[in-house]
Amino acid sequence: MLPYLHLGSIPPKRHIAHAAKPGYKNEGIYYEEVVTVAGFGRAYSICYHLRPPTQVTKIEAAGEVSLDIVPEPTLRHHHLRSKDMKAQGDPITGRFPLLVNDDVTIARCRPKTAQEMLFRNATADEIIFVHQGRGTLETMFGPVPFRPFDYIVIPRCTTYLLDFDSAIQPELLIIEGAGNIDIPAKYLNRDGQLRLGAPYAERDLHGPTTFRTIDQEKPTAVVIKDGRRMTRYTLASHPFDVVGWDGMVYPYTFNADDFEPITGTVHQPPPVQQTFDAPGFVVCTFAPRLLDTHPLAIKVPYAHSNVQADEVLYYVRGRFGSRRGVEEASFTLHPRGIPHGPHPGTIVASRDMTRTDELAVMVDTVAPLHLTRQALELDDPQYPYSWLD
Ligand SMILES: [Fe+2]
C-alpha cells in the first residue's frame with residue numbers, strides 16, 4: 001500500500017464538477033480520469049485533465065515484441081554475461097527479454113537513443129532497475145527523478161517517457177509482472193503503514209512531488225503494449241494535461257541502497273531480503289551488510305536446491321562472496337531441483353570478513369523460467385561445472 005498523495009488542484013469531493021474557466025469547448029470543467037488497480041477493487045487515483053483523455057484520432061498496429069523461447073534439452077544452471085550486450089533501440093524498443101514465464105519477463109536494456117514515443121504497458125506492472133544512468137520519468141502524475149540503483153516502479157496503464165541524462169549510457173534491468181507488484185504484506189501493519197522493523201519505510205518511497213501541466217492540443221503518439229502486441233495510438237492532445245490528482249496509484253522510486261538489511265549471528269534466508277511481492281515471483285535486494293557474527297558462522301549461503309522456485313540473481317556492484325567468475329551485469333539462473341551453493345574456496349575466504357559490499361537484485365519465481373535465444377547467446381555453458389575445484 002502506497003501512501004496517499006495529493007498534488008495540484010482537485011475538487012472537494014470525488015466525481016463532482018471541477019470548475020475550469022472557460023474549459024475545453026466552454027464546458028466549464030476539468031475532466032476526471034479514475035486510474036485503478038484490479039478493476040475497481042483496490043487502490044486508485046483520480047486525475048483532472050484539461051481535455052477529455054479519451055480522444056483518439058488514429059490506431060495503428062506497431063508490431064510485436066520478439067520473444068524467441070528456446071526449448072532446453074537439459075535442466076541446468078546458467079550464467080549470462082550481459083555487460084557487453086549490444087546497445088540498441090530506445091528505453092522501450094531496446095529491451096531484450098532474457099528469462100520468461102507467464103508471471104514475469106526479465107529483460108535487459110542498453111538503450112542507444114532517447115525514448116522516441118510515449119509508452120504505456122496495458123497488461124503488466126514494471127520495475128525498471130537503474131544499474132547505471134540518471135534522469136526523469138515523465139508521467140501525467142508529474143516527473144519522478146531517478147538515479148543509479150533506483151527501482152522505478154510503474155503501475156500498468158501509466159503513460160510514461162524515460163528521459164535519461166545523455167552523458168551516461170543507461171544500463172537497465174526490467175522486470176515486467178503480469179500480476180500487481182506490491183509492497184510485501186508482511187511489512188505492513190494492520191493500519192497499512194510500513195512496520196517498524198521492515199527493511200524500508202514510507203520516507204524511502206519517492207513518488208512525484210511536483211508536476212507540470214502540458215497544455216498541447218496537437219496529435220501525440222502513445223505506444224501501448226498488451227502482452228506482445230504493440231499498438232500506436234494517436235491522441236488528439238497531450239495526455240499529461242493534468243491540473244491535479246490524488247490517490248494511492250502512482251509511479252515511484254525506491255533506491256536499493258536504502259534497503260536496511262536484516263542480519264543475524266548466522267546466515268539469514270532470502271525472505272529477509274524481500275523488497276517487492278507479485279503473483280508468481282518476488283524481488284529481493286542483496287544489499288551491503290554486516291556478515292554473521294557467530295564465531296563459527298559460515299558467512300556465505302548454504303547449498304540449497306530451490307525447491308519449487310527458480311532463482312535469478314542480477315549482479316550490480318561489489319564483490320560477491322559466494323560466487324566466482326561473475327561480474328557486473330551477470331545473471332545467474334539456478335533453477336528448481338538442483339543444488340547450488342558457495343563456490344570452492346569462498347567459505348574459507350569469507351571467514352575473516354565482517355561485511356560485504358555486494359549489491360544484487362534477485363528474482364525468485366514459482367513457475368519455471370524459460371530462456372530466450374538472446375539469453376542463450378550470453379550463456380556460459382561451463383558454468384554448471386564451476387563448483388569443481
Ligand atoms: Fe540460491
# chains A, B, ... in the order shown; residues from 1 in each chain; ligands from 1
call {"tool": "residues_around", "arguments": {"residues": "stretch 25-30 of chain A", "least_positions_apart": "4", "cutoff": "6 Å", "atoms": "only C-alpha atoms", "output": "VMD selection string"}}
result
chain A and resid 18 to 21 48 to 50
call {"tool": "select_by_dssp", "arguments": {"residues": "stretch 269-358 of chain A", "states": "strand (DSSP E or B)", "output": "MDAnalysis selection string"}}
result
chainID A and resid 274:278 281:286 289:290 304 310:317 330:334 340 355:356
call {"tool": "write_last_selection", "arguments": {"atoms": "N, CA and C atoms", "output": "PDB file, in the first residue's frame"}}
result
ATOM      1  N   GLN A 274      13.472  -9.679   0.937  1.00  0.00           N
ATOM      2  CA  GLN A 274      12.376  -9.400   0.004  1.00  0.00           C
ATOM      3  C   GLN A 274      12.088  -7.899  -0.053  1.00  0.00           C
ATOM      4  N   THR A 275      11.890  -7.417  -1.258  1.00  0.00           N
ATOM      5  CA  THR A 275      11.648  -5.989  -1.479  1.00  0.00           C
ATOM      6  C   THR A 275      10.272  -5.759  -2.088  1.00  0.00           C
ATOM      7  N   PHE A 276       9.899  -6.578  -3.062  1.00  0.00           N
ATOM      8  CA  PHE A 276       8.584  -6.477  -3.695  1.00  0.00           C
ATOM      9  C   PHE A 276       7.954  -7.867  -3.777  1.00  0.00           C
ATOM     10  N   ASP A 277       6.634  -7.837  -3.893  1.00  0.00           N
ATOM     11  CA  ASP A 277       5.863  -9.070  -3.973  1.00  0.00           C
ATOM     12  C   ASP A 277       4.963  -8.994  -5.207  1.00  0.00           C
ATOM     13  N   ALA A 278       4.805 -10.107  -5.895  1.00  0.00           N
ATOM     14  CA  ALA A 278       3.906 -10.134  -7.055  1.00  0.00           C
ATOM     15  C   ALA A 278       3.423 -11.567  -7.234  1.00  0.00           C
ATOM     16  N   PHE A 281       6.081 -14.398  -8.305  1.00  0.00           N
ATOM     17  CA  PHE A 281       7.504 -14.089  -8.101  1.00  0.00           C
ATOM     18  C   PHE A 281       7.695 -13.048  -6.991  1.00  0.00           C
ATOM     19  N   VAL A 282       8.939 -13.001  -6.494  1.00  0.00           N
ATOM     20  CA  VAL A 282       9.326 -11.952  -5.545  1.00  0.00           C
ATOM     21  C   VAL A 282      10.597 -11.299  -6.061  1.00  0.00           C
ATOM     22  N   VAL A 283      10.822 -10.064  -5.624  1.00  0.00           N
ATOM     23  CA  VAL A 283      12.071  -9.367  -5.929  1.00  0.00           C
ATOM     24  C   VAL A 283      12.755  -9.086  -4.592  1.00  0.00           C
ATOM     25  N   CYS A 284      14.045  -9.439  -4.501  1.00  0.00           N
ATOM     26  CA  CYS A 284      14.804  -9.245  -3.260  1.00  0.00           C
ATOM     27  C   CYS A 284      16.030  -8.383  -3.554  1.00  0.00           C
ATOM     28  N   THR A 285      16.515  -7.707  -2.519  1.00  0.00           N
ATOM     29  CA  THR A 285      17.707  -6.872  -2.651  1.00  0.00           C
ATOM     30  C   THR A 285      18.802  -7.428  -1.743  1.00  0.00           C
ATOM     31  N   PHE A 286      19.922  -7.837  -2.339  1.00  0.00           N
ATOM     32  CA  PHE A 286      21.092  -8.229  -1.555  1.00  0.00           C
ATOM     33  C   PHE A 286      21.942  -6.970  -1.411  1.00  0.00           C
ATOM     34  N   ARG A 289      26.035  -5.287   3.712  1.00  0.00           N
ATOM     35  CA  ARG A 289      25.572  -5.596   5.077  1.00  0.00           C
ATOM     36  C   ARG A 289      26.702  -6.179   5.920  1.00  0.00           C
ATOM     37  N   LEU A 290      26.473  -6.184   7.225  1.00  0.00           N
ATOM     38  CA  LEU A 290      27.384  -6.860   8.135  1.00  0.00           C
ATOM     39  C   LEU A 290      27.200  -8.355   7.953  1.00  0.00           C
ATOM     40  N   HIS A 304      21.622 -25.147  -1.451  1.00  0.00           N
ATOM     41  CA  HIS A 304      20.180 -25.426  -1.419  1.00  0.00           C
ATOM     42  C   HIS A 304      19.710 -25.736  -2.838  1.00  0.00           C
ATOM     43  N   ASP A 310      12.537 -20.984  -9.096  1.00  0.00           N
ATOM     44  CA  ASP A 310      13.710 -20.698  -9.928  1.00  0.00           C
ATOM     45  C   ASP A 310      14.308 -19.404  -9.397  1.00  0.00           C
ATOM     46  N   GLU A 311      15.643 -19.353  -9.317  1.00  0.00           N
ATOM     47  CA  GLU A 311      16.305 -18.207  -8.667  1.00  0.00           C
ATOM     48  C   GLU A 311      17.198 -17.479  -9.661  1.00  0.00           C
ATOM     49  N   VAL A 312      16.904 -16.213  -9.856  1.00  0.00           N
ATOM     50  CA  VAL A 312      17.710 -15.387 -10.755  1.00  0.00           C
ATOM     51  C   VAL A 312      18.416 -14.335  -9.919  1.00  0.00           C
ATOM     52  N   LEU A 313      19.711 -14.221 -10.089  1.00  0.00           N
ATOM     53  CA  LEU A 313      20.442 -13.122  -9.445  1.00  0.00           C
ATOM     54  C   LEU A 313      21.030 -12.245 -10.538  1.00  0.00           C
ATOM     55  N   TYR A 314      20.864 -10.948 -10.372  1.00  0.00           N
ATOM     56  CA  TYR A 314      21.486  -9.971 -11.266  1.00  0.00           C
ATOM     57  C   TYR A 314      22.503  -9.204 -10.433  1.00  0.00           C
ATOM     58  N   TYR A 315      23.757  -9.285 -10.842  1.00  0.00           N
ATOM     59  CA  TYR A 315      24.858  -8.749 -10.037  1.00  0.00           C
ATOM     60  C   TYR A 315      25.103  -7.293 -10.437  1.00  0.00           C
ATOM     61  N   VAL A 316      25.029  -6.426  -9.449  1.00  0.00           N
ATOM     62  CA  VAL A 316      25.039  -4.992  -9.731  1.00  0.00           C
ATOM     63  C   VAL A 316      26.387  -4.352  -9.413  1.00  0.00           C
ATOM     64  N   ARG A 317      26.894  -4.629  -8.196  1.00  0.00           N
ATOM     65  CA  ARG A 317      28.036  -3.846  -7.723  1.00  0.00           C
ATOM     66  C   ARG A 317      28.746  -4.626  -6.619  1.00  0.00           C
ATOM     67  N   SER A 330      26.184  -9.601 -14.740  1.00  0.00           N
ATOM     68  CA  SER A 330      25.974 -11.040 -14.918  1.00  0.00           C
ATOM     69  C   SER A 330      24.602 -11.400 -14.352  1.00  0.00           C
ATOM     70  N   PHE A 331      23.993 -12.414 -14.947  1.00  0.00           N
ATOM     71  CA  PHE A 331      22.824 -13.070 -14.354  1.00  0.00           C
ATOM     72  C   PHE A 331      23.246 -14.495 -14.027  1.00  0.00           C
ATOM     73  N   THR A 332      22.813 -15.019 -12.888  1.00  0.00           N
ATOM     74  CA  THR A 332      22.842 -16.475 -12.735  1.00  0.00           C
ATOM     75  C   THR A 332      21.406 -16.938 -12.604  1.00  0.00           C
ATOM     76  N   LEU A 333      21.129 -18.070 -13.218  1.00  0.00           N
ATOM     77  CA  LEU A 333      19.834 -18.736 -13.066  1.00  0.00           C
ATOM     78  C   LEU A 333      20.104 -20.092 -12.438  1.00  0.00           C
ATOM     79  N   HIS A 334      19.637 -20.259 -11.231  1.00  0.00           N
ATOM     80  CA  HIS A 334      19.721 -21.543 -10.545  1.00  0.00           C
ATOM     81  C   HIS A 334      18.307 -22.097 -10.497  1.00  0.00           C
ATOM     82  N   HIS A 340      22.735 -25.720  -5.580  1.00  0.00           N
ATOM     83  CA  HIS A 340      23.844 -24.795  -5.820  1.00  0.00           C
ATOM     84  C   HIS A 340      24.225 -24.216  -4.463  1.00  0.00           C
ATOM     85  N   ARG A 355      32.005  -7.765   6.759  1.00  0.00           N
ATOM     86  CA  ARG A 355      30.898  -7.173   5.996  1.00  0.00           C
ATOM     87  C   ARG A 355      31.072  -7.480   4.513  1.00  0.00           C
ATOM     88  N   THR A 356      29.996  -7.316   3.763  1.00  0.00           N
ATOM     89  CA  THR A 356      30.070  -7.486   2.316  1.00  0.00           C
ATOM     90  C   THR A 356      29.570  -6.220   1.649  1.00  0.00           C
TER      91      THR A 356
END
call {"tool": "closest_residue", "arguments": {"among": "A:Gly94, A:Gly318, A:Pro145, A:Pro270", "to": "A:Asn255", "atoms": "only C-alpha atoms"}}
result
A:Pro145
call {"tool": "residues_around", "arguments": {"residues": "A:Val70", "least_positions_apart": "2", "cutoff": "9 Å", "atoms": "only C-alpha atoms", "output": "ChimeraX atom specification"}}
result
/A:68,72,370-373,376
call {"tool": "closest_residue", "arguments": {"among": "A:Gln88, A:Met117, A:His77, A:Thr93", "to": "ligand 1", "atoms": "only C-alpha atoms and all ligand atoms"}}
result
A:His77
call {"tool": "closest_residue", "arguments": {"among": "A:Glu327, A:Val100, A:Tyr233, A:Val249", "to": "A:Val34", "atoms": "only C-alpha atoms"}}
result
A:Val249
call {"tool": "atom_distance", "arguments": {"atom1": "atom CA of A:Met362", "atom2": "atom CA of A:Thr158"}}
result
24.9 Å
call {"tool": "atom_distance", "arguments": {"atom1": "atom CA of A:Arg323", "atom2": "atom CA of A:Thr346"}}
result
7.3 Å
call {"tool": "closest_residue", "arguments": {"among": "A:Pro342, A:Pro295, A:Gly247, A:Pro111", "to": "ligand 1", "atoms": "only C-alpha atoms and all ligand atoms"}}
result
A:Pro342
